[in-house]
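Q: Quick one: the structure is below, and I'll ask about it shortly.
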Amino acid sequence: MSELTRLCADELRATLAEVRSRYETFAQRGLKLNLTRGKPSAEQLDLSNELLCLPGAGDYSVGALDCRNYGDLQGLADLRTLLAPVFGVSPECVVLGDNSSLALMHDAIVYSLLKGTCDSERPWSKEPGIAFLCAVPGYDRHFSICQELGIEMISVPLHEDGPDMDVVEQRVAEDARIKGMWCVPKYSNPSGAVYSNSTVDRLAKMKTAAPDFRLFWDNAYAVHHLGAEAVEIANIGEACARHGHPNRAFIFGSTSKVTFAGAGVALFASSPANVRWYLARMEKRTIGGDKLNQLRHLRLLHNVGGIAALMDRHRAILAPKFAKVQAVFAELLGGTGVAKWTQPKGGYFISLDVLPGTAREVVKLAKQAGVELTPAGATHPYGQDPEDRTIRIAPSFPDLAEVGPAAEGVAICVLLAALEKLAG
Ligand code: PMP
């Protein structure tokens, strides 16, 4: 299709009529497709089904430790040793949580609000007001935590190599209310951005007006490569220490998209001082995590030949779905001038930018035609995309056979919304 923004009035009318009829035909197929959440498919979950039988009758001890009992607040040392290199930290600096890293992020913020961090003069909640920097497009659940807890959100543009560092450096230097920043440094949700070495270095080095500023380093997609290339990012903990800010990064991760999304193991990792601080708070909250879940993960990850081997099997399922979306978008939207989309090398999402002012309409049209999408605006703080432009595409959950029709439906809606807007 030619560039829609350059069509004359007659061509515009004719193209609109043609796309409208394609939309009607698509809607009449009565499909029920869902590209909303970044959930693993059942086929992916099946890869870890052995977890359902592990650790198995009689297997509940690690050395002298009885995993059925209370205790071992920090989590099984053997599993910490296995997971630590994925996050570029040492096992002593890892705390294992239960199944959700999002819960640990929430905890870390609540602890900071109620008690302050180990570098805080007072609890964050006693400050006149606090704010977080949010790279956009970003992860809606990060933004929901801030909204829920009364933390102001300040958007910063996210480029392919990370957040716009000129803006970040200026903001954190001049505004002491800024206590934190959300970062998904690898295969970010939803654009797939990967922070460059220079971005990591500048985040570690920058001067912040708040002495207790923290990077919320959510490395949710650390090993979730889609291509043969296993992208590596610079080590944030080491960079922060090198620049004299050893406590700056709170690192989070989980096996949610390695094993079972609802029953994995989450982790918090940071400097020794931050780990002591975190454990001191956590100790009041629980007598210890679910060590049997930790143990069965230890056994499974050994049996499947390690994390990388398991991730290769995920990739074999996921990569064709992403390739399908790319192919359909290229065919239907390429050269139209009304859409651009990311081509991530990993993670769970593609970010689709449509003609400004039409994202909500695209989502509405898609729903009416049987394709459920994440609400437009979800990629921005307060659910408000000022340009009404960005849509998150999550192709992981549907079967491969459904991904093509779903992407086709989205593309038709993108064209229809754009043409309707252009036709005024
Ligand atoms: N962080 C990011 C960036 C995510 O995309 C997701 C899942 N969609 C999570 C965290 C949730 O992780 P968990 O299952 O460990 O809570």
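Chain lettering (A, B, ...) mirrors the order of the structure tokens, residue numbering begins at 1 for each chain separately, and ligand numbering begins at 1 in order of display.
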Just want the residues within 9 Å of ligand 1, written as a PyMOL selection string, counting only C-alpha atoms and all ligand atoms.
A: chain A and resi 37-39+99-105+138-142+183-184+187-190+218-221+252-257+260-267+347-349
Q: Those residues with C-alpha atoms, as a compact mmCIF listing (two decimals), in the first residue's frame please?
A:
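File written: part18.txt
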# COMPACT_ATOMS: atom_id res chain seq x y z
CA ARG A 37 -0.85 -9.83 28.22
CA GLY A 38 2.66 -11.15 27.95
CA LYS A 39 1.81 -14.60 29.20
CA ASN A 99 6.80 -16.38 42.96
CA SER A 100 6.56 -12.75 41.90
CA SER A 101 9.31 -10.18 41.35
CA LEU A 102 6.60 -7.54 41.01
CA ALA A 103 5.69 -8.26 44.62
CA LEU A 104 9.33 -7.69 45.63
CA MET A 105 9.37 -4.35 43.79
CA GLY A 138 6.96 1.25 29.77
CA TYR A 139 5.36 -1.48 31.85
CA ASP A 140 1.87 -0.67 33.11
CA ARG A 141 2.26 -2.60 36.36
CA HIS A 142 5.25 -0.49 37.37
CA CYS A 183 14.31 0.49 34.31
CA VAL A 184 13.74 -2.64 32.24
CA TYR A 187 14.35 -6.38 25.94
CA SER A 188 12.22 -3.78 27.66
CA ASN A 189 8.47 -4.09 27.98
CA PRO A 190 7.08 -3.17 25.46
CA ASP A 218 13.78 -4.91 36.61
CA ASN A 219 15.76 -7.41 34.57
CA ALA A 220 12.69 -9.52 33.85
CA TYR A 221 13.95 -10.62 30.42
CA PHE A 252 14.86 -7.70 40.39
CA GLY A 253 14.24 -10.83 38.40
CA SER A 254 12.33 -14.08 38.39
CA THR A 255 11.90 -17.40 36.68
CA SER A 256 8.32 -16.50 35.77
CA LYS A 257 9.06 -16.76 32.06
CA PHE A 260 5.96 -21.35 35.50
CA ALA A 261 4.71 -17.75 35.27
CA GLY A 262 2.51 -18.19 38.32
CA ALA A 263 4.76 -20.43 40.37
CA GLY A 264 8.37 -19.48 39.74
CA VAL A 265 11.01 -18.03 42.03
CA ALA A 266 11.62 -14.28 42.26
CA LEU A 267 14.75 -12.52 43.43
CA GLY A 347 11.47 -10.32 25.55
CA TYR A 348 7.75 -10.67 25.12
CA PHE A 349 6.52 -7.60 23.26
Q: Could you list, as number ranges by chain, every residue within 12 Å of A:Gly129, counting only C-alpha atoms and ignoring same-chain residues fewer than 3 positions away?
A: A: 113, 123-126, 132, 149-153, 175-179
Q: Would you list the contacts of A:Lys324 as a PDB file with C-alpha atoms, in the first residue's frame, taking every protein, DNA or RNA residue within 9 Å and counting only C-alpha atoms, but skipping same-chain residues closer than 2 positions in sequence?
A:
ATOM      1  CA  ALA A 319      10.446 -16.791  17.758  1.00  0.00           C
ATOM      2  CA  PRO A 320       8.075 -17.965  14.970  1.00  0.00           C
ATOM      3  CA  LYS A 321       5.211 -16.021  16.590  1.00  0.00           C
ATOM      4  CA  PHE A 322       7.250 -12.815  16.622  1.00  0.00           C
ATOM      5  CA  GLN A 326       6.744  -8.891  11.761  1.00  0.00           C
ATOM      6  CA  ALA A 327       5.879 -10.456   8.406  1.00  0.00           C
ATOM      7  CA  VAL A 328       2.190  -9.471   8.566  1.00  0.00           C
ATOM      8  CA  PHE A 329       2.941  -5.913   9.687  1.00  0.00           C
ATOM      9  CA  LEU A 400       1.061 -19.791  16.207  1.00  0.00           C
ATOM     10  CA  VAL A 403      -0.973 -15.042  15.570  1.00  0.00           C
ATOM     11  CA  GLY A 404      -1.158 -14.338  11.832  1.00  0.00           C
ATOM     12  CA  ALA A 407      -1.752  -9.399  13.482  1.00  0.00           C
TER      13      ALA A 407
END
Q: What's the 8 Å shell around A:Leu301, counting only C-alpha atoms, without same-chain residues fewer than 5 positions away, as a PDB file with C-alpha atoms, in the first residue's frame?
A:
ATOM      1  CA  GLY A 306      20.560 -25.422  32.686  1.00  0.00           C
ATOM      2  CA  ILE A 307      18.697 -22.167  32.151  1.00  0.00           C
ATOM      3  CA  LEU A 310      15.517 -24.322  28.684  1.00  0.00           C
TER       4      LEU A 310
END
Q: Mind the document's chain letters and residue numbers, and return as a PyMOL selection string the residues of stretch 35-153 of chain A that DSSP labels strand (DSSP E or B).
A: chain A and resi 35+61-62+65-66+94-96+131-136+152-153
Q: Could you dump the residues just selected with C-alpha atoms as a short mmCIF file (atom, residue, chain, number, x, y, z; two decimals), in the first residue's frame?
A:
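Result went into part.cif, see below:
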data_model
loop_
_atom_site.label_atom_id
_atom_site.label_comp_id
_atom_site.auth_asym_id
_atom_site.auth_seq_id
_atom_site.Cartn_x
_atom_site.Cartn_y
_atom_site.Cartn_z
CA LEU A 35 -2.83 -10.17 22.19
CA SER A 61 16.76 -31.71 52.34
CA VAL A 62 19.73 -29.71 51.15
CA LEU A 65 18.57 -27.86 55.81
CA ASP A 66 15.06 -29.30 55.88
CA VAL A 94 20.77 -12.38 46.26
CA VAL A 95 17.56 -12.75 48.24
CA LEU A 96 15.03 -15.25 46.92
CA ALA A 131 8.49 11.08 42.32
CA PHE A 132 9.83 8.34 40.03
CA LEU A 133 11.17 8.68 36.52
CA CYS A 134 9.36 6.39 34.12
CA ALA A 135 10.83 5.55 30.73
CA VAL A 136 8.01 5.50 28.17
CA GLU A 152 4.24 11.07 41.15
CA MET A 153 5.42 9.75 37.79
#
Q: Residues within 6 Å of A:Phe216, please, as a PyMOL selection string. Count only C-alpha atoms; anything in the same chain fewer than 3 positions from it doesn't count.
A: chain A and resi 181-183+250
Q: Can I get the selected residues back with C-alpha atoms, as a JSON list (two decimals), in the first residue's frame?
A:
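Contents of the output file part.json:
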[["chain", "number", "residue", "atom", "x", "y", "z"],
["A", 181, "MET", "CA", 13.46, 5.29, 38.35],
["A", 182, "TRP", "CA", 11.92, 2.27, 36.64],
["A", 183, "CYS", "CA", 14.31, 0.49, 34.31],
["A", 250, "PHE", "CA", 17.86, -2.57, 43.35]]
Q: When you look at A:Thr379 with a cut-off of 12 Å (counting only C-alpha atoms), what residues show up, excluding the ones that are within fewer than 2 positions of it in the same chain? I need them as number ranges by chain.
A: A: 134-144, 155, 157-158, 188-191, 349-353, 359, 374-377, 381-393
